[in-house]
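data_39.cif (mmCIF, C-alpha atoms and all ligand atoms)
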data_input
#
loop_
_atom_site.label_atom_id
_atom_site.label_comp_id
_atom_site.auth_asym_id
_atom_site.auth_seq_id
_atom_site.Cartn_x
_atom_site.Cartn_y
_atom_site.Cartn_z
CA MET J 909 114.67 135.79 58.33
CA THR J 910 112.49 138.77 59.09
CA THR J 911 111.83 142.19 57.71
CA ASN J 912 112.32 145.57 59.26
CA SER J 913 109.06 147.17 60.32
CA ASN J 914 110.62 150.63 59.81
CA SER J 915 109.50 151.97 63.14
CA ASN J 916 110.64 155.48 63.92
CA ASN J 917 111.18 154.72 67.59
CA GLY J 918 114.59 154.97 69.25
CA PHE J 919 117.04 152.11 69.67
CA THR J 920 115.90 150.76 73.04
CA THR J 921 112.17 151.26 72.46
CA THR J 922 112.44 149.38 69.19
CA VAL J 923 114.37 146.48 70.68
CA ILE J 924 112.16 146.15 73.75
CA HIS J 925 108.94 146.12 71.72
CA ALA J 926 110.25 143.94 68.87
CA ASP J 927 108.70 140.71 70.23
CA ARG J 928 105.24 142.21 70.59
CA ARG J 929 105.35 143.86 67.17
CA SER J 930 106.33 140.65 65.42
CA GLY J 931 103.21 138.88 66.71
CA ALA J 932 102.82 137.96 70.38
CA GLU J 933 101.66 134.40 71.12
CA HIS J 934 98.82 134.26 73.67
CA GLY J 935 99.75 137.81 74.64
CA ALA J 936 103.14 136.63 75.93
CA ILE J 937 105.41 139.68 76.00
CA HIS J 938 108.51 137.51 75.55
CA LYS J 939 108.74 135.17 72.61
CA PRO J 940 108.26 131.67 74.12
CA ILE J 941 111.14 129.15 73.99
CA HIS J 942 110.04 126.82 71.21
CA THR J 943 111.62 123.42 71.72
CA SER J 944 109.84 121.59 68.91
CA THR J 945 112.23 119.97 66.46
CA GLU J 946 109.75 119.54 63.62
CA TYR J 947 106.88 121.66 62.34
CA ALA J 948 103.70 120.07 60.98
CA TYR J 949 101.35 121.32 58.28
CA ALA J 950 97.67 120.55 57.75
CA ASP J 951 98.00 121.33 54.06
CA SER J 952 100.58 119.40 52.03
CA ARG J 953 100.86 122.22 49.49
CA GLU J 954 101.78 124.63 52.27
CA LEU J 955 104.42 122.16 53.50
CA ALA J 956 105.93 122.00 50.01
CA ALA J 957 105.80 125.79 49.65
CA VAL J 958 107.80 126.28 52.86
CA PHE J 959 110.43 123.83 51.64
CA GLN J 960 110.59 125.86 48.45
CA GLY J 961 111.28 129.16 50.17
CA LYS J 962 108.02 130.49 51.62
CA PRO J 963 108.68 131.89 55.13
CA GLY J 964 107.91 129.24 57.74
CA TYR J 965 109.46 126.46 59.79
CA THR J 966 110.31 122.90 58.84
CA TYR J 967 113.07 121.54 61.05
CA ALA J 968 114.76 123.31 63.96
CA ARG J 969 118.22 123.16 62.39
CA GLN J 970 117.06 125.96 60.09
CA GLY J 971 115.53 128.05 62.84
CA THR J 972 112.59 128.27 65.23
CA PRO J 973 110.11 131.02 66.13
CA THR J 974 112.40 131.81 69.09
CA THR J 975 115.50 132.34 66.94
CA ALA J 976 113.36 134.28 64.45
CA ALA J 977 112.26 136.67 67.21
CA LEU J 978 115.89 137.35 68.14
CA GLU J 979 116.73 137.76 64.45
CA ASN J 980 114.02 140.38 64.22
CA GLN J 981 115.48 142.27 67.20
CA ILE J 982 118.92 142.32 65.60
CA THR J 983 117.57 143.33 62.20
CA GLN J 984 115.92 146.31 63.91
CA MET J 985 119.14 147.26 65.72
CA GLU J 986 121.14 147.11 62.49
CA GLY J 987 118.48 148.83 60.37
CA GLY J 988 118.81 145.90 57.97
CA ILE J 989 116.33 143.74 56.06
CA GLY J 990 117.07 140.29 57.53
CA THR J 991 119.20 138.38 60.02
CA LEU J 992 120.26 134.79 60.64
CA THR J 993 121.43 133.56 64.02
CA PHE J 994 124.03 130.86 64.68
CA ALA J 995 125.33 128.79 67.58
CA THR J 996 128.34 131.14 68.05
CA GLY J 997 129.94 134.15 66.41
CA MET J 998 132.48 131.79 64.81
CA ALA J 999 129.65 129.72 63.33
CA ALA J 1000 128.21 132.92 61.81
CA LEU J 1001 131.59 133.84 60.28
CA THR J 1002 132.21 130.29 59.06
CA ALA J 1003 128.80 130.12 57.40
CA THR J 1004 129.35 133.51 55.72
CA PHE J 1005 132.81 132.77 54.30
CA PHE J 1006 132.21 129.14 53.33
CA THR J 1007 128.87 129.65 51.62
CA LEU J 1008 129.77 132.79 49.65
CA LEU J 1009 133.37 132.06 48.62
CA ARG J 1010 134.56 129.33 46.28
CA GLN J 1011 137.94 127.86 45.44
CA GLY J 1012 140.01 130.48 43.59
CA ASP J 1013 137.99 133.44 44.86
CA HIS J 1014 139.97 136.17 46.57
CA LEU J 1015 139.18 137.66 49.97
CA ILE J 1016 140.83 140.83 51.26
CA ALA J 1017 140.80 140.80 55.07
CA SER J 1018 142.07 143.19 57.69
CA GLN J 1019 145.28 142.01 59.33
CA TYR J 1020 143.82 143.23 62.63
CA VAL J 1021 141.29 140.57 63.53
CA PHE J 1022 140.19 138.39 66.42
CA GLY J 1023 142.59 135.44 66.88
CA ASN J 1024 140.03 132.76 66.05
CA THR J 1025 139.02 134.65 62.91
CA ASN J 1026 142.69 134.71 61.93
CA SER J 1027 142.72 130.93 62.37
CA LEU J 1028 139.50 130.55 60.34
CA LEU J 1029 140.98 132.59 57.48
CA GLY J 1030 143.91 130.16 57.50
CA THR J 1031 141.49 127.24 57.19
CA LEU J 1032 139.77 128.99 54.29
CA ALA J 1033 143.11 129.55 52.54
CA GLY J 1034 143.94 125.86 53.02
CA LEU J 1035 140.83 124.99 51.04
CA GLY J 1036 141.81 127.13 48.07
CA VAL J 1037 140.32 130.55 48.74
CA GLN J 1038 142.99 133.21 48.22
CA VAL J 1039 143.28 135.41 51.31
CA THR J 1040 145.28 138.65 51.49
CA MET J 1041 145.57 140.41 54.85
CA VAL J 1042 146.19 144.15 54.79
CA ASP J 1043 146.35 147.08 57.16
CA ALA J 1044 142.72 148.10 56.68
CA THR J 1045 143.05 151.30 58.68
CA ASP J 1046 143.84 152.88 55.29
CA VAL J 1047 141.58 152.18 52.30
CA GLU J 1048 144.57 152.53 49.95
CA ASN J 1049 146.01 149.25 51.27
CA VAL J 1050 142.73 147.52 50.57
CA LYS J 1051 142.58 148.93 47.04
CA ALA J 1052 146.17 147.85 46.35
CA ALA J 1053 145.29 144.23 47.17
CA TRP J 1054 142.54 144.04 44.52
CA ARG J 1055 142.71 141.29 41.89
CA PRO J 1056 140.23 140.24 39.20
CA GLU J 1057 139.20 137.32 41.47
CA THR J 1058 138.47 139.56 44.47
CA ARG J 1059 134.93 138.92 45.73
CA MET J 1060 134.81 140.08 49.32
CA VAL J 1061 136.38 142.44 51.86
CA PHE J 1062 136.28 141.65 55.57
CA VAL J 1063 137.11 143.97 58.49
CA GLU J 1064 136.27 144.36 62.17
CA THR J 1065 134.73 147.72 63.10
CA ILE J 1066 136.97 147.92 66.17
CA ALA J 1067 139.63 145.20 66.05
CA ASN J 1068 139.93 142.68 68.85
CA PRO J 1069 142.25 143.12 70.75
CA GLY J 1070 144.28 145.96 69.20
CA THR J 1071 141.31 148.39 68.89
CA GLN J 1072 142.46 149.50 65.42
CA ILE J 1073 139.56 151.05 63.55
CA ALA J 1074 139.31 150.15 59.89
CA ASP J 1075 138.75 152.84 57.27
CA LEU J 1076 135.16 151.67 57.45
CA ARG J 1077 133.28 154.13 55.32
CA ALA J 1078 135.93 154.62 52.62
CA ILE J 1079 136.23 150.84 52.23
CA GLY J 1080 132.44 150.62 51.98
CA GLN J 1081 132.40 153.24 49.23
CA TRP J 1082 135.14 151.45 47.30
CA CYS J 1083 133.41 148.05 47.65
CA THR J 1084 130.20 149.63 46.34
CA ASP J 1085 132.05 150.95 43.27
CA LYS J 1086 133.79 147.61 42.71
CA LYS J 1087 130.64 145.54 43.41
CA LEU J 1088 132.45 143.60 46.14
CA VAL J 1089 130.69 142.02 49.09
CA TYR J 1090 131.67 143.99 52.19
CA VAL J 1091 131.43 142.12 55.49
CA VAL J 1092 131.99 143.94 58.77
CA ASP J 1093 132.32 142.22 62.13
CA SER J 1094 130.55 144.67 64.45
CA THR J 1095 131.08 142.70 67.65
CA LEU J 1096 133.17 145.32 69.46
CA SER J 1097 131.21 148.38 68.38
CA THR J 1098 127.75 146.75 68.39
CA PRO J 1099 125.07 148.40 66.26
CA TRP J 1100 124.52 150.85 69.09
CA LEU J 1101 127.82 152.55 68.24
CA CYS J 1102 127.93 151.84 64.53
CA ARG J 1103 125.47 150.13 62.20
CA GLY J 1104 126.83 148.18 59.25
CA ILE J 1105 124.47 149.95 56.88
CA ASP J 1106 125.96 153.35 57.80
CA VAL J 1107 129.41 152.28 56.53
CA TYR J 1108 127.88 150.70 53.38
CA ALA J 1109 128.43 147.08 54.51
CA SER J 1110 126.64 144.28 52.66
CA LEU J 1111 126.55 142.04 55.73
CA ALA J 1112 127.15 142.80 59.42
CA VAL J 1113 128.29 139.99 61.71
CA ASN J 1114 127.84 140.17 65.47
CA SER J 1115 128.98 137.73 68.12
CA LEU J 1116 125.91 137.66 70.36
CA SER J 1117 128.01 136.08 73.12
CA LYS J 1118 129.54 139.50 73.74
CA TYR J 1119 127.72 142.83 74.32
CA ILE J 1120 124.38 141.96 72.72
CA GLY J 1121 123.71 138.99 75.04
CA GLY J 1122 125.94 140.72 77.54
CA HIS J 1123 125.64 138.56 80.65
CA GLY J 1124 128.08 135.73 80.04
CA ASN J 1125 125.27 133.17 80.02
CA ALA J 1126 124.83 132.26 76.35
CA VAL J 1127 126.91 131.99 73.18
CA GLY J 1128 125.53 132.94 69.79
CA GLY J 1129 126.24 134.76 66.55
CA ALA J 1130 124.35 136.63 63.84
CA VAL J 1131 124.68 137.79 60.25
CA THR J 1132 122.51 140.72 59.18
CA ASN J 1133 121.74 141.67 55.62
CA THR J 1134 121.81 145.46 55.24
CA GLY J 1135 120.05 145.11 51.89
CA LEU J 1136 122.61 147.31 50.13
CA TYR J 1137 124.21 144.60 47.98
CA ASP J 1138 122.64 143.39 44.74
CA TRP J 1139 123.54 139.71 44.46
CA SER J 1140 122.37 139.30 40.86
CA ALA J 1141 125.93 139.68 39.54
CA TYR J 1142 127.48 137.46 42.23
CA ALA J 1143 128.38 134.21 40.46
CA ALA J 1144 128.56 132.02 43.58
CA ILE J 1145 124.81 132.27 44.31
CA ALA J 1146 123.34 128.91 43.28
CA GLN J 1147 120.28 128.81 41.04
CA PRO J 1148 117.72 127.74 43.71
CA TYR J 1149 118.62 130.81 45.81
CA ARG J 1150 118.13 133.32 43.00
CA LYS J 1151 114.58 133.94 44.15
CA GLY J 1152 112.76 137.03 45.35
CA PRO J 1153 114.44 140.47 45.53
CA SER J 1154 118.11 140.17 44.46
CA ASN J 1155 119.31 141.97 47.59
CA THR J 1156 118.15 138.97 49.69
CA TRP J 1157 119.87 136.15 47.79
CA GLY J 1158 123.17 136.17 49.71
CA LEU J 1159 121.53 135.73 53.11
CA TYR J 1160 119.20 133.10 51.67
CA GLN J 1161 122.20 131.07 50.49
CA ILE J 1162 123.86 131.48 53.89
CA LYS J 1163 120.67 130.12 55.47
CA LYS J 1164 120.33 127.16 53.13
CA LYS J 1165 123.97 126.16 52.99
CA GLY J 1166 125.14 127.58 56.29
CA LEU J 1167 122.36 126.50 58.63
CA ARG J 1168 120.97 123.54 56.72
CA ASP J 1169 124.24 121.96 55.53
CA MET J 1170 126.66 123.06 58.25
CA GLY J 1171 124.16 123.02 61.10
CA GLY J 1172 125.62 125.58 63.50
CA THR J 1173 122.16 126.49 64.77
CA LEU J 1174 121.44 128.64 67.81
CA SER J 1175 119.32 126.83 70.40
CA ALA J 1176 115.96 128.34 71.33
CA ASP J 1177 117.05 128.48 74.97
CA ALA J 1178 120.18 130.50 74.18
CA ALA J 1179 118.19 132.71 71.78
CA HIS J 1180 115.79 133.54 74.62
CA ARG J 1181 118.59 134.49 77.02
CA ILE J 1182 120.34 136.61 74.38
CA ALA J 1183 117.07 138.38 73.53
CA ILE J 1184 116.56 139.33 77.18
CA GLY J 1185 120.12 140.65 77.31
CA ALA J 1186 119.65 142.59 74.08
CA GLU J 1187 116.88 144.66 75.67
CA THR J 1188 119.44 146.48 77.83
CA LEU J 1189 122.25 146.72 75.28
CA ALA J 1190 122.14 150.53 75.07
CA LEU J 1191 122.05 150.94 78.87
CA ARG J 1192 124.93 148.56 79.44
CA MET J 1193 126.98 150.01 76.59
CA GLU J 1194 126.49 153.53 77.85
CA ARG J 1195 127.75 152.60 81.31
CA ALA J 1196 130.57 150.32 80.10
CA CYS J 1197 131.82 152.90 77.59
CA SER J 1198 131.76 155.69 80.14
CA ASN J 1199 133.60 153.46 82.64
CA ALA J 1200 136.14 152.60 79.94
CA MET J 1201 136.74 156.26 79.13
CA ALA J 1202 137.31 157.10 82.81
CA LEU J 1203 139.59 154.10 83.35
CA ALA J 1204 141.59 154.78 80.18
CA THR J 1205 142.05 158.40 81.23
CA TYR J 1206 143.21 157.37 84.72
CA LEU J 1207 145.60 154.69 83.43
CA SER J 1208 147.09 156.84 80.68
CA GLY J 1209 148.29 159.29 83.31
CA HIS J 1210 149.72 156.59 85.59
CA PRO J 1211 153.54 156.42 85.93
CA LYS J 1212 153.52 152.60 86.03
CA VAL J 1213 151.53 152.31 82.80
CA SER J 1214 153.53 152.63 79.58
CA LYS J 1215 150.71 152.45 77.08
CA VAL J 1216 146.93 152.62 76.91
CA ARG J 1217 145.26 151.92 73.60
CA TYR J 1218 141.65 153.08 73.67
CA PRO J 1219 139.76 154.73 70.78
CA GLY J 1220 138.36 157.39 73.13
CA LEU J 1221 141.83 158.80 73.90
CA SER J 1222 143.18 161.45 71.54
CA SER J 1223 146.46 159.48 71.49
CA HIS J 1224 144.73 156.59 69.65
CA GLU J 1225 145.78 156.42 65.99
CA GLN J 1226 142.18 156.41 64.74
CA HIS J 1227 140.60 158.58 67.45
CA GLN J 1228 139.36 161.12 64.91
CA ARG J 1229 137.72 158.42 62.80
CA ALA J 1230 136.09 156.83 65.86
CA ASP J 1231 134.76 160.23 66.83
CA GLU J 1232 133.21 160.73 63.40
CA LEU J 1233 131.84 157.23 62.86
CA PHE J 1234 130.68 156.06 66.26
CA GLN J 1235 127.56 157.31 67.87
CA HIS J 1236 127.68 158.16 71.54
CA ARG J 1237 130.94 156.51 72.70
CA PHE J 1238 134.13 154.56 71.95
CA GLY J 1239 133.50 151.02 73.08
CA SER J 1240 134.65 149.31 76.25
CA LEU J 1241 137.74 147.38 75.17
CA MET J 1242 141.28 148.64 75.76
CA GLY J 1243 144.86 147.45 75.56
CA VAL J 1244 147.15 148.29 78.47
CA GLU J 1245 150.89 147.79 78.89
CA LEU J 1246 152.75 148.22 82.17
CA ILE J 1247 156.28 149.67 82.42
CA ASP J 1248 159.29 147.33 82.43
CA GLY J 1249 160.06 145.91 85.83
CA ILE J 1250 156.49 145.13 86.83
CA ASP J 1251 155.72 141.45 86.52
CA VAL J 1252 152.44 141.25 84.62
CA PHE J 1253 151.45 137.94 86.21
CA ASP J 1254 152.07 139.20 89.75
CA PHE J 1255 150.10 142.33 88.91
CA LEU J 1256 147.17 140.28 87.62
CA ASN J 1257 147.22 138.11 90.73
CA ARG J 1258 146.80 141.21 92.90
CA LEU J 1259 143.53 142.27 91.23
CA ARG J 1260 140.44 141.78 93.38
CA VAL J 1261 137.53 143.24 91.36
CA LEU J 1262 138.70 142.56 87.82
CA ILE J 1263 138.26 138.95 86.77
CA LEU J 1264 141.01 136.99 85.02
CA ALA J 1265 139.08 135.46 82.17
CA THR J 1266 138.84 135.39 78.43
CA HIS J 1267 135.65 136.84 76.88
CA LEU J 1268 134.52 140.44 76.54
CA GLY J 1269 131.35 142.47 76.53
CA ASP J 1270 130.22 141.06 79.87
CA THR J 1271 128.67 143.06 82.70
CA ARG J 1272 131.85 142.21 84.67
CA THR J 1273 135.26 143.70 83.91
CA LEU J 1274 137.56 141.02 82.49
CA VAL J 1275 141.31 141.09 81.93
CA LEU J 1276 143.55 138.78 79.93
CA PRO J 1277 147.27 138.72 79.01
CA VAL J 1278 146.63 138.12 75.30
CA ALA J 1279 150.08 137.09 74.02
CA HIS J 1280 150.18 134.25 76.55
CA THR J 1281 146.63 133.04 76.00
CA ILE J 1282 144.35 133.59 72.98
CA TYR J 1283 147.19 134.85 70.75
CA TYR J 1284 149.75 132.31 71.96
CA GLU J 1285 149.27 129.77 69.19
CA MET J 1286 149.88 132.16 66.29
CA GLY J 1287 153.47 132.93 67.29
CA ALA J 1288 155.53 136.08 67.86
CA GLU J 1289 155.85 137.15 64.24
CA ARG J 1290 152.12 137.25 63.53
CA ARG J 1291 151.51 138.91 66.90
CA ALA J 1292 153.95 141.67 65.97
CA GLN J 1293 152.14 142.14 62.64
CA MET J 1294 148.87 142.51 64.53
CA GLY J 1295 150.42 145.05 66.89
CA ILE J 1296 150.21 142.87 70.00
CA ALA J 1297 152.97 143.39 72.57
CA ASP J 1298 154.06 140.53 74.85
CA SER J 1299 153.03 142.47 77.93
CA GLN J 1300 149.69 143.63 76.55
CA LEU J 1301 146.63 143.23 78.73
CA ARG J 1302 143.21 143.21 77.12
CA ILE J 1303 140.64 144.78 79.39
CA SER J 1304 136.94 144.51 78.69
CA VAL J 1305 135.35 147.07 80.96
CA GLY J 1306 132.05 146.14 82.56
CA ILE J 1307 129.29 148.05 84.31
CA GLU J 1308 130.61 148.01 87.88
CA ASP J 1309 130.95 151.26 89.81
CA ILE J 1310 133.92 153.14 88.36
CA GLU J 1311 135.42 153.95 91.81
CA ASP J 1312 135.77 150.22 92.44
CA LEU J 1313 137.51 149.60 89.12
CA ILE J 1314 139.97 152.45 89.57
CA GLY J 1315 140.41 151.45 93.23
CA ASP J 1316 141.36 147.93 92.16
CA PHE J 1317 144.05 149.25 89.81
CA ARG J 1318 145.28 151.58 92.55
CA GLN J 1319 145.83 148.76 95.01
CA ALA J 1320 147.27 146.36 92.40
CA LEU J 1321 149.70 149.00 91.11
CA GLY J 1322 150.72 149.74 94.73
CA ASP J 1323 149.63 153.40 94.86
C1 LIG Y 1 134.34 136.79 70.16
C2 LIG Y 1 134.43 137.30 68.80
C3 LIG Y 1 134.01 136.51 67.71
C4 LIG Y 1 133.52 135.08 67.88
O1 LIG Y 1 132.36 135.01 68.62
P1 LIG Y 1 131.98 133.69 69.50
O2 LIG Y 1 130.56 133.94 69.83
O3 LIG Y 1 132.89 133.69 70.69
O4 LIG Y 1 132.19 132.51 68.63
C5 LIG Y 1 134.09 137.04 66.45
N1 LIG Y 1 134.56 138.28 66.25
C6 LIG Y 1 134.97 139.07 67.26
C7 LIG Y 1 135.47 140.43 66.97
C8 LIG Y 1 134.93 138.60 68.57
O5 LIG Y 1 135.35 139.39 69.56
#

Turn this file's structure into structure tokens for me.
Ligand SMILES: *Cc1c(COP(=O)(O)O)cnc(C)c1O
Amino acid sequence: MTTNSNSNNGFTTTVIHADRRSGAEHGAIHKPIHTSTEYAYADSRELAAVFQGKPGYTYARQGTPTTAALENQITQMEGGIGTLTFATGMAALTATFFTLLRQGDHLIASQYVFGNTNSLLGTLAGLGVQVTMVDATDVENVKAAWRPETRMVFVETIANPGTQIADLRAIGQWCTDKKLVYVVDSTLSTPWLCRGIDVYASLAVNSLSKYIGGHGNAVGGAVTNTGLYDWSAYAAIAQPYRKGPSNTWGLYQIKKKGLRDMGGTLSADAAHRIAIGAETLALRMERACSNAMALATYLSGHPKVSKVRYPGLSSHEQHQRADELFQHRFGSLMGVELIDGIDVFDFLNRLRVLILATHLGDTRTLVLPVAHTIYYEMGAERRAQMGIADSQLRISVGIEDIEDLIGDFRQALGD
């Protein structure tokens, strides 16, 4: 866990210089990959102090200087006060839910979430946490789900794969009034488009496997503490973690119970690769978002395309909100449906530049028929509730040259 140095530099300058500012080793401009499992102390009192909460390293399951350097980068991006990294985005979400919620607690979650998150919420419900899923694009639905046992609200900034945009700021205001923990999954927007702190989130989760790492060569996840939530009234924080400023307790408990007990730790090697990727997040996002806008515009005017769902198009249900909340652009994920009579599988097989693969936020443009793949297991009824059509293609637009992407659609659609 690291603290924000409050630099006034811009996004990319801050991220690129984060390693150096947090203490370069031997002048190395990249944080070295620390492979040591254990950390030794010359002074036994110092060893005991670190076990009792003083910043430092003990055993690599709870972090290394390499993961700490990446955590510092992400804290800076989010404008928060601390971050923890995990082996995957799912490990970050699991640690957050399972360490902060107890049997009988109530969680209000958006019904528009990533398929694996949907599955995780089912696991949580099976263990006795009450989960209510609502259409979080309107804060009124979230308010209506409130119960005395409600402890937390969870939404995705831009939902995967439907691109619905939750009523982010209004929900944040309401959670502040109600003293509820507000967790946003910022994976699809990234902090470059929207920081958790700006929508009054308590915690912001990012899958680092996606845009932040960005090169399809490492999986990882992170939870960032915005510092806005005062945990002193939150009953589920255990006594040993009620230490230091009360706006740090939640993340401290996630570290102790989530990393130490559950052990979904990010490796130093993956942390290094993600940190290198993170340096160019803004550049890649700028290009991918501008490609996505151009592709969405082209496809929405195409006679063989029946529907394009992209927050940058004025036809998107929450376009206005996206325009107000998101800095710069509208993300790079879109949903596309072709008109009846075109076989989706044949169409996909004709693509030459786009890659048929799950994953998103890569430098390469990826396409996936979601109902037949990642959303297959949940069944037709739940898919309908999430607004996922059988013929829907999820396209994660990369940073290729836009002419080549549009050209590939042209040839595959038989123009
Ligand atoms: C991919 C994804 C996750 C999970 O991240 P992994 O690193 O793949 O475990 C969580 N939330 C959203 C919105 C995602 O797209």

Produce as JSON, numbers by chain the set of residues near ligand LIG 1 (chain Y), where near means within 10 Å with all atoms listed in the file considered.
-> {"J": [994, 995, 996, 997, 998, 999, 1000, 1001, 1002, 1020, 1021, 1022, 1023, 1024, 1025, 1026, 1063, 1064, 1065, 1066, 1067, 1068, 1069, 1092, 1093, 1094, 1095, 1096, 1097, 1113, 1114, 1115, 1116, 1117, 1118, 1119, 1121, 1126, 1127, 1128, 1129, 1130, 1266, 1267, 1268, 1269]}

Near-Ile924 of chain J list (9 Å; all atoms listed in the file; drop same-chain fewer than 5 positions) as a list in words =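 The residues that qualify are Phe919, Gln981, Ile1184, Ala1186, Glu1187 and Thr1188 of chain J.
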
Go through J:Gly964, J:Gly1135, J:Gly1122, J:Gly1287 one by one, measure the shortest atom-to-atom distance of each to Gly988 of chain J using all atoms listed in the file, and give the residue with the smallest value.
->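 Of J:Gly964, J:Gly1135, J:Gly1122, J:Gly1287, the one nearest Gly988 of chain J is J:Gly1135, counting all atoms listed in the file.
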
In the coordinate frame of the file, compute which residues have an atom within 9 Å of (118.1, 132.8, 71.3) when using only C-alpha atoms, and state them as a list of chain:residue names.
->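 Protein, DNA and RNA residues close to (118.1, 132.8, 71.3): J:Ile941, J:Thr974, J:Thr975, J:Ala976, J:Ala977, J:Leu978, J:Glu979, J:Thr993, J:Ala1126, J:Gly1128, J:Leu1174, J:Ser1175, J:Ala1176, J:Asp1177, J:Ala1178, J:Ala1179, J:His1180, J:Arg1181, J:Ile1182, J:Ala1183, J:Ile1184.
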
What is the atom CA of Thr1273 of chain J to atom CA of Gly1306 of chain J distance in Å?
->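 We find that atom CA of Thr1273 of chain J and atom CA of Gly1306 of chain J lie 4.3 Å from each other.
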